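Dropping structure.txt in here (compact mmCIF, C-alpha atoms):
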```txt
# COMPACT_ATOMS: atom_id res chain seq x y z
CA MET A 11 -19.06 -26.50 0.87
CA SER A 12 -20.98 -23.31 1.47
CA THR A 13 -21.55 -20.83 -1.32
CA PRO A 14 -19.27 -17.78 -1.02
CA GLY A 15 -21.02 -14.59 0.02
CA VAL A 16 -20.19 -10.94 -0.34
CA ILE A 17 -18.63 -9.10 2.59
CA SER A 18 -20.58 -5.94 3.30
CA GLY A 19 -18.61 -2.73 3.23
CA GLY A 20 -15.38 -4.24 1.93
CA PHE A 21 -14.09 -3.59 -1.57
CA LEU A 22 -11.66 -5.60 -3.64
CA ASP A 23 -9.84 -2.78 -5.43
CA ASP A 24 -7.25 -5.23 -6.86
CA ALA A 25 -6.16 -5.69 -3.28
CA GLU A 26 -3.16 -7.86 -4.10
CA GLU A 27 -1.49 -4.96 -5.90
CA GLU A 28 -3.07 -1.78 -4.59
CA ALA A 29 -4.03 -2.30 -0.96
CA GLY A 30 -0.61 -1.43 0.41
CA GLN A 31 -0.60 1.91 -1.39
CA HIS A 32 -3.22 3.32 0.95
CA LEU A 33 -3.63 0.88 3.83
CA THR A 34 -0.12 1.55 5.14
CA THR A 35 -1.28 4.82 6.70
CA LEU A 36 -3.71 5.18 9.57
CA ASP A 37 -5.95 7.49 7.53
CA GLY A 38 -5.97 5.05 4.62
CA TRP A 39 -6.75 2.12 6.88
CA ARG A 40 -9.66 3.97 8.47
CA GLN A 41 -10.95 4.92 5.04
CA PHE A 42 -10.85 1.23 4.11
CA LEU A 43 -13.01 0.47 7.16
CA ALA A 44 -15.53 3.22 6.48
CA GLU A 45 -18.88 2.26 5.04
CA LYS A 46 -18.91 2.69 1.27
CA PRO A 47 -21.74 4.42 -0.59
CA ALA A 48 -24.59 2.17 -1.66
CA ALA A 49 -24.45 0.85 -5.20
CA PRO A 50 -26.23 3.09 -7.70
CA ARG A 51 -29.86 2.18 -8.39
CA MET A 52 -30.29 0.04 -11.47
CA ILE A 53 -32.65 1.69 -13.97
CA SER A 54 -34.28 0.25 -17.05
CA ALA A 55 -33.29 1.06 -20.61
CA ARG A 56 -36.50 3.08 -20.94
CA GLU A 57 -35.72 5.16 -17.84
CA TYR A 58 -32.15 5.66 -19.05
CA ALA A 59 -33.37 6.90 -22.44
CA MET A 60 -35.54 9.51 -20.73
CA LEU A 61 -32.56 11.03 -18.89
CA ALA A 62 -30.81 14.14 -20.18
CA PRO A 63 -27.36 13.47 -21.70
CA ALA A 64 -25.61 14.87 -18.61
CA GLU A 65 -27.69 12.62 -16.35
CA GLN A 66 -26.91 9.61 -18.54
CA GLU A 67 -23.22 10.37 -18.22
CA LEU A 68 -23.51 10.61 -14.43
CA ASN A 69 -25.34 7.28 -14.33
CA ASP A 70 -22.65 5.65 -16.47
CA GLU A 71 -19.87 7.09 -14.31
CA ALA A 72 -21.53 5.80 -11.13
CA ARG A 73 -21.83 2.31 -12.61
CA LEU A 74 -18.26 2.40 -13.95
CA ASP A 75 -17.04 3.27 -10.46
CA HIS A 76 -19.16 0.48 -8.98
CA HIS A 77 -17.64 -2.11 -11.30
CA ALA A 78 -14.16 -0.84 -10.54
CA GLN A 79 -14.81 -1.72 -6.90
CA LEU A 80 -16.55 -5.08 -6.82
CA LEU A 81 -17.24 -6.34 -3.34
CA VAL A 82 -14.90 -8.78 -1.62
CA VAL A 83 -16.15 -12.35 -1.86
CA ALA A 84 -16.02 -14.34 1.38
CA THR A 85 -14.02 -17.31 0.08
CA SER A 86 -13.06 -20.29 2.22
CA THR A 87 -9.54 -18.81 2.50
CA VAL A 88 -10.88 -15.51 3.84
CA ARG A 89 -13.16 -17.25 6.32
CA HIS A 90 -10.39 -19.61 7.50
CA THR A 91 -7.93 -16.74 7.94
CA VAL A 92 -10.42 -14.67 9.94
CA THR A 93 -11.30 -17.65 12.15
CA CYS A 94 -7.66 -18.61 12.81
CA GLY A 95 -6.67 -14.99 13.40
CA ARG A 96 -9.51 -14.36 15.86
CA ARG A 97 -8.58 -17.55 17.72
CA LEU A 98 -4.94 -16.51 18.02
CA VAL A 99 -5.86 -13.02 19.24
CA LEU A 100 -7.87 -14.62 22.06
CA LEU A 101 -5.15 -17.14 22.90
CA ASN A 102 -2.52 -14.38 22.97
CA ARG A 103 -4.60 -11.99 25.07
CA HIS A 104 -2.97 -12.95 28.37
CA ALA A 105 0.34 -14.26 27.04
CA ILE A 106 3.44 -12.63 28.52
CA SER A 107 5.84 -13.92 25.86
CA ALA A 108 6.06 -16.41 22.98
CA ARG A 109 2.83 -15.18 21.44
CA ARG A 110 1.81 -17.18 18.41
CA GLY A 111 1.16 -15.76 14.96
CA LEU A 112 -0.13 -16.53 11.51
CA ILE A 113 1.46 -16.72 8.05
CA VAL A 114 -0.70 -16.57 4.92
CA SER A 115 1.37 -17.86 2.01
CA GLY A 116 0.76 -18.72 -1.62
CA PRO A 117 1.27 -17.68 -5.25
CA ALA A 118 0.56 -14.12 -6.34
CA GLY A 119 -3.08 -13.38 -7.07
CA THR A 120 -4.56 -15.96 -4.69
CA GLY A 121 -6.07 -13.52 -2.19
CA LYS A 122 -3.46 -13.23 0.57
CA THR A 123 -3.82 -9.47 1.08
CA ILE A 124 -7.60 -9.75 0.91
CA ALA A 125 -7.55 -12.44 3.61
CA ILE A 126 -5.37 -10.58 6.11
CA THR A 127 -7.05 -7.21 5.57
CA GLN A 128 -10.45 -8.80 6.13
CA LEU A 129 -9.07 -10.27 9.37
CA GLY A 130 -7.90 -6.78 10.31
CA ARG A 131 -11.27 -5.32 9.42
CA SER A 132 -13.10 -7.89 11.54
CA HIS A 133 -10.79 -7.29 14.52
CA GLU A 134 -11.03 -3.52 14.42
CA LEU A 135 -14.80 -3.37 13.99
CA LEU A 136 -15.19 -5.70 16.96
CA ASP A 137 -12.83 -3.54 19.03
CA ARG A 138 -14.81 -0.41 18.10
CA ALA A 139 -18.04 -2.12 19.15
CA ARG A 140 -16.53 -2.96 22.52
CA HIS A 141 -14.99 0.47 23.04
CA PRO A 142 -17.25 2.91 21.13
CA GLN A 143 -15.99 6.06 22.89
CA ARG A 144 -12.25 5.26 22.77
CA THR A 145 -11.26 6.97 19.54
CA GLU A 146 -7.60 7.05 20.56
CA ARG A 147 -7.31 3.28 20.14
CA ILE A 148 -5.46 1.86 17.12
CA PRO A 149 -6.50 -1.81 17.17
CA VAL A 150 -4.80 -2.76 13.89
CA LEU A 151 -1.49 -1.78 12.29
CA TYR A 152 -0.78 -2.68 8.65
CA ILE A 153 2.54 -2.38 6.82
CA THR A 154 4.18 -3.82 3.72
CA VAL A 155 7.84 -4.80 3.68
CA PRO A 156 9.67 -2.63 1.12
CA PRO A 157 11.93 -4.30 -1.47
CA ALA A 158 15.53 -4.63 -0.26
CA ALA A 159 14.31 -3.53 3.15
CA THR A 160 16.58 -2.65 6.03
CA ALA A 161 15.62 -2.86 9.68
CA ARG A 162 15.36 0.93 9.87
CA MET A 163 13.07 1.02 6.81
CA VAL A 164 10.69 -1.50 8.36
CA ALA A 165 10.70 0.30 11.71
CA ALA A 166 9.97 3.53 9.84
CA GLU A 167 6.97 1.84 8.14
CA PHE A 168 5.57 1.08 11.60
CA ALA A 169 6.14 4.69 12.60
CA ARG A 170 4.59 6.07 9.41
CA PHE A 171 1.37 4.14 9.97
CA LEU A 172 1.19 5.46 13.54
CA ARG A 173 1.84 9.05 12.41
CA ILE A 174 5.13 9.20 14.30
CA PRO A 175 7.45 11.73 12.61
CA VAL A 176 10.86 10.05 12.29
CA ARG A 177 13.66 12.56 12.60
CA ARG A 178 16.96 12.08 10.78
CA THR A 179 18.80 12.18 14.07
CA TRP A 180 16.85 9.22 15.45
CA ASN A 181 18.60 5.88 15.67
CA MET A 182 16.88 2.48 15.62
CA THR A 183 16.33 2.52 19.37
CA ASP A 184 14.56 5.88 19.15
CA ILE A 185 12.21 4.62 16.42
CA THR A 186 11.44 1.28 18.04
CA GLU A 187 10.78 2.80 21.46
CA ALA A 188 8.42 5.35 19.91
CA VAL A 189 6.56 2.63 18.01
CA VAL A 190 6.29 0.36 21.06
CA GLY A 191 5.09 3.28 23.18
CA VAL A 192 2.33 4.31 20.78
CA CYS A 193 1.18 0.71 20.18
CA THR A 194 1.01 0.14 23.93
CA ASP A 195 -0.93 3.33 24.60
CA ALA A 196 -3.25 2.78 21.62
CA ARG A 197 -3.93 -0.85 22.60
CA THR A 198 -2.83 -2.27 19.25
CA GLY A 199 -3.87 -5.92 19.23
CA LEU A 200 -3.21 -7.04 15.65
CA ILE A 201 -0.23 -6.25 13.42
CA LEU A 202 -0.39 -7.19 9.73
CA VAL A 203 2.88 -7.43 7.80
CA ASP A 204 2.43 -7.91 4.05
CA GLU A 205 4.96 -8.68 1.29
CA LEU A 206 7.06 -10.77 3.68
CA HIS A 207 8.80 -12.42 0.70
CA ASN A 208 10.84 -9.22 0.36
CA ILE A 209 12.91 -10.45 3.32
CA SER A 210 15.77 -12.87 2.69
CA LEU A 211 17.54 -14.38 5.68
CA THR A 212 20.58 -15.06 3.51
CA SER A 213 21.44 -11.34 3.55
CA ARG A 214 22.55 -9.28 6.54
CA HIS A 215 19.79 -6.72 6.03
CA GLY A 216 17.17 -9.46 5.76
CA ALA A 217 18.35 -11.08 8.98
CA GLU A 218 18.22 -7.72 10.74
CA VAL A 219 14.67 -7.13 9.50
CA ALA A 220 13.61 -10.52 10.87
CA ASP A 221 15.23 -9.68 14.18
CA THR A 222 13.41 -6.32 14.25
CA LEU A 223 10.04 -7.95 13.65
CA LYS A 224 10.79 -10.49 16.38
CA TYR A 225 11.76 -7.67 18.76
CA PHE A 226 8.52 -5.82 18.02
CA SER A 227 6.55 -9.03 18.64
CA GLU A 228 8.20 -9.40 22.04
CA ARG A 229 7.65 -5.79 23.08
CA ILE A 230 4.14 -5.20 21.68
CA SER A 231 1.23 -7.18 23.13
CA ALA A 232 -0.26 -7.96 19.74
CA THR A 233 -0.82 -10.90 17.42
CA PHE A 234 1.42 -10.73 14.34
CA VAL A 235 0.11 -11.89 10.97
CA TYR A 236 2.44 -12.20 7.98
CA ALA A 237 1.58 -12.61 4.29
CA GLY A 238 3.86 -13.29 1.34
CA ILE A 239 4.55 -15.33 -1.77
CA SER A 240 5.49 -18.98 -1.17
CA ILE A 241 6.97 -18.33 2.28
CA GLU A 242 7.21 -22.06 3.03
CA ASN A 243 9.64 -22.42 0.10
CA SER A 244 11.81 -19.44 1.07
CA THR A 245 14.66 -19.04 3.55
CA LEU A 246 12.33 -17.46 6.13
CA LEU A 247 11.53 -20.78 7.78
CA SER A 248 15.04 -22.25 7.69
CA GLY A 249 18.07 -21.84 9.95
CA THR A 250 18.02 -20.65 13.54
CA ARG A 251 15.94 -17.53 12.88
CA GLY A 252 13.60 -19.43 10.58
CA ALA A 253 13.10 -22.16 13.18
CA GLN A 254 11.91 -19.54 15.68
CA ILE A 255 9.32 -18.29 13.17
CA ALA A 256 8.25 -21.81 12.17
CA GLY A 257 7.84 -22.79 15.82
CA ARG A 258 5.48 -19.92 16.63
CA PHE A 259 3.49 -19.30 13.46
CA THR A 260 0.63 -21.24 11.92
CA LEU A 261 0.76 -21.33 8.12
CA ILE A 262 -2.37 -20.94 5.98
CA PRO A 263 -1.68 -21.76 2.32
CA THR A 264 -3.54 -20.00 -0.46
CA HIS A 265 -3.85 -21.50 -3.91
CA PRO A 266 -5.74 -21.26 -7.18
CA PHE A 267 -9.30 -22.53 -6.78
CA PRO A 268 -10.07 -25.91 -8.36
CA TYR A 269 -13.07 -26.08 -10.64
CA GLY A 270 -15.89 -27.05 -8.33
CA SER A 271 -18.72 -25.79 -6.17
CA GLU A 272 -16.75 -22.96 -4.57
CA TRP A 273 -15.50 -21.67 -7.91
CA LYS A 274 -19.05 -21.73 -9.27
CA GLY A 275 -20.16 -19.84 -6.16
CA LEU A 276 -17.45 -17.21 -6.70
CA VAL A 277 -18.60 -16.60 -10.27
CA ALA A 278 -22.25 -16.42 -9.19
CA ALA A 279 -21.47 -14.01 -6.33
CA LEU A 280 -19.55 -11.68 -8.65
CA GLU A 281 -22.29 -11.82 -11.30
CA GLN A 282 -24.87 -10.75 -8.69
CA THR A 283 -23.06 -7.42 -8.30
CA LEU A 284 -23.24 -6.46 -12.00
CA LEU A 285 -25.25 -3.37 -12.99
CA LEU A 286 -25.73 -3.88 -16.72
CA ARG A 287 -29.10 -3.23 -18.33
CA GLN A 288 -28.93 -5.94 -21.04
CA HIS A 289 -27.09 -8.62 -19.06
CA THR A 290 -29.02 -11.83 -18.38
CA LEU A 291 -28.32 -13.22 -14.92
CA GLY A 292 -26.85 -16.69 -15.22
CA THR A 293 -24.74 -15.93 -18.30
CA LEU A 294 -21.49 -16.01 -16.34
CA THR A 295 -22.41 -19.08 -14.32
CA LYS A 296 -22.86 -20.93 -17.62
CA LEU A 297 -19.34 -19.81 -18.53
CA ASP A 298 -17.74 -20.78 -15.19
CA ARG A 299 -15.68 -23.58 -16.79
CA TYR A 300 -14.37 -21.19 -19.45
CA LEU A 301 -13.58 -18.60 -16.76
CA HIS A 302 -11.65 -21.22 -14.78
CA ASP A 303 -9.69 -22.37 -17.82
CA ARG A 304 -8.88 -18.77 -18.76
CA THR A 305 -7.80 -17.60 -15.28
CA GLY A 306 -6.26 -20.79 -13.96
CA GLY A 307 -8.49 -20.56 -10.91
CA MET A 308 -6.91 -17.30 -9.73
CA ILE A 309 -9.44 -15.11 -7.96
CA GLY A 310 -7.51 -11.94 -8.79
CA SER A 311 -7.60 -12.76 -12.50
CA LEU A 312 -11.29 -13.70 -12.30
CA SER A 313 -12.17 -10.37 -10.70
CA HIS A 314 -10.10 -8.46 -13.25
CA GLN A 315 -11.71 -10.22 -16.20
CA ILE A 316 -15.31 -9.75 -15.03
CA ARG A 317 -14.80 -6.14 -13.94
CA GLY A 318 -13.01 -5.31 -17.17
CA ALA A 319 -15.77 -6.84 -19.29
CA ALA A 320 -18.43 -4.96 -17.28
CA ILE A 321 -16.62 -1.66 -17.81
CA ASP A 322 -16.28 -2.36 -21.55
CA ALA A 323 -20.01 -3.18 -21.70
CA ILE A 324 -20.85 0.28 -20.37
CA LEU A 325 -18.28 2.12 -22.49
CA THR A 326 -19.40 0.41 -25.71
CA GLY A 327 -23.11 0.57 -24.90
CA THR A 328 -23.68 -3.19 -25.23
CA GLU A 329 -24.63 -3.38 -21.54
CA LYS A 330 -23.96 -7.12 -21.30
CA ILE A 331 -21.09 -9.57 -20.86
CA THR A 332 -20.53 -12.39 -23.35
CA ARG A 333 -17.83 -14.99 -23.85
CA GLU A 334 -16.43 -12.82 -26.63
CA SER A 335 -16.25 -9.73 -24.42
CA LEU A 336 -14.58 -11.76 -21.66
CA ALA A 337 -12.01 -13.07 -24.15
CA ALA A 338 -11.21 -9.49 -25.17
CA ILE A 339 -9.93 -8.64 -21.67
CA PRO A 340 -6.15 -9.20 -21.48
CA LEU A 341 -5.13 -10.92 -18.26
CA ASP A 342 -1.88 -11.07 -16.30
CA TYR A 343 1.14 -12.87 -17.75
CA THR A 344 0.73 -15.97 -15.57
CA SER A 345 -2.90 -16.50 -16.60
CA GLU A 346 -2.10 -15.92 -20.28
CA ASN A 347 0.92 -18.26 -20.07
CA PRO A 348 0.01 -21.31 -17.95
CA GLY A 349 3.63 -22.52 -17.87
CA ALA A 350 4.93 -19.24 -16.48
CA SER A 351 4.46 -20.23 -12.84
CA GLN A 352 6.75 -23.24 -13.21
CA GLN A 353 9.31 -21.20 -15.09
CA THR A 354 9.42 -18.54 -12.37
CA GLY A 355 9.43 -21.01 -9.51
CA LEU A 356 5.86 -20.37 -8.37
CA THR A 357 3.51 -23.26 -7.73
CA LYS A 358 0.04 -23.12 -9.24
```
Give the structure from this file in structure tokens form.
Amino acid sequence: MSTPGVISGGFLDDAEEEAGQHLTTLDGWRQFLAEKPAAPRMISAREYAMLAPAEQELNDEARLDHHAQLLVVATSTVRHTVTCGRRLVLLNRHAISARRGLIVSGPAGTGKTIAITQLGRSHELLDRARHPQRTERIPVLYITVPPAATARMVAAEFARFLRIPVRRTWNMTDITEAVVGVCTDARTGLILVDELHNISLTSRHGAEVADTLKYFSERISATFVYAGISIENSTLLSGTRGAQIAGRFTLIPTHPFPYGSEWKGLVAALEQTLLLRQHTLGTLTKLDRYLHDRTGGMIGSLSHQIRGAAIDAILTGTEKITRESLAAIPLDYTSENPGASQQTGLTK
């Protein structure tokens, strides 16, 4: 198994929880794609001591910001999702109907949003390279399904991303036709729909949302990619509507990482990004078993723990991460309570 690398220009930003807050607008999506500033230059303790207090504070703030935005690690799940997504986009390019799609499904905190947004990033950057002067193109559309969503709410999310002002007098047909028109003109080729678990086919509204997504997939010449929690165990793949989804979509499961070479590579890749003056490289790799036991193999929890310990190291002036400082970082409820996933019906 290859050692995970770091994806240039992409930032984690607790993507499982925060990505949808800004990626669901065209401006936010384009900001996500923009090149990020280079990491601040690492200076020695002697150089730091020679700085004026204001300059020391600026250096600390730059490093705090850096550790709040650790780079996305190219895990096997991310690579597999990007490969499968790219393949489907090519296969769907000349399809008239029955285009095939992708579902990324797994427990919370296993990197689903990271995987699909990295697929979107790869697709859009490739489209820009092929059409450098066509700034009117919108290659990728990203939405999240709101809780207790109705068909109109989901259609409005499409419109909001595309900057289409939805008037109160508009009915569903008005919204959908506007969305289809803009996607067609803007050559949208990939549509990412996150938080799919918010749809339940046992309710009328949920069934209508599923029908709306199916209608969009028939009218828009794009590859649809869904992501959600434990979709294979939900009602979304059962019944007549579910059978249509199951028959057209490939499912990529995400899961906690087992303790092994890839986990060790994840820890090493994250440690390489640290900017702490007293930290000895290799400290975290020696603690990779402890980190796995503490986080349950969840990449989201691993990132949170390392970033939190790095921030504490700067704030306290210790400038290094130890087992004790890692233990001081409170994690999510599931990681702190290993039996919680079974109690809530999630599979670890």
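If you count all atoms listed in the file and ignore residues fewer than 6 places along the chain from Gly238 of chain A, what sits within 6 Å of it is Ser115, Glu205, Leu206 and His207 of chain A.
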- Query: Nearest to Leu136 of chain A among A:Ala220, A:Arg96, A:Arg162, A:Val192, with distances taken over all atoms listed in the file: which residue is it?
  - Reply: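 Smallest distance to Leu136 of chain A is found for A:Arg96.
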- Item | Using all atoms listed in the file: which of A:Asn69, A:Thr91, A:Ser248, A:Gln79 has the shortest distance to Met52 of chain A |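 So, comparing all the options, the nearest one is A:Asn69.
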- Residues at most 10 Å from segment 270-278 of chain A, counting all atoms listed in the file, excluding those fewer than 2 positions away in the same chain, as a PyMOL selection string? chain A and resi 11-16+83-86+266-268+280-283+291-299+301-302+307-309+312-313+316
Coordinates of box centre and edge lengths for segment 92-103 of chain A, 8 Å on every side, axis-aligned, as AutoDock Vina command-line options:
```
--center_x -6.9 --center_y -15.3 --center_z 17.5 --size_x 24.8 --size_y 22.6 --size_z 31.1
```
- Note on the structure: Min atom-atom distance to Ala196 of chain A from the set A:Arg110, A:Arg51, A:Arg144, A:Arg170, counting all atoms listed in the file, belongs to A:Arg144
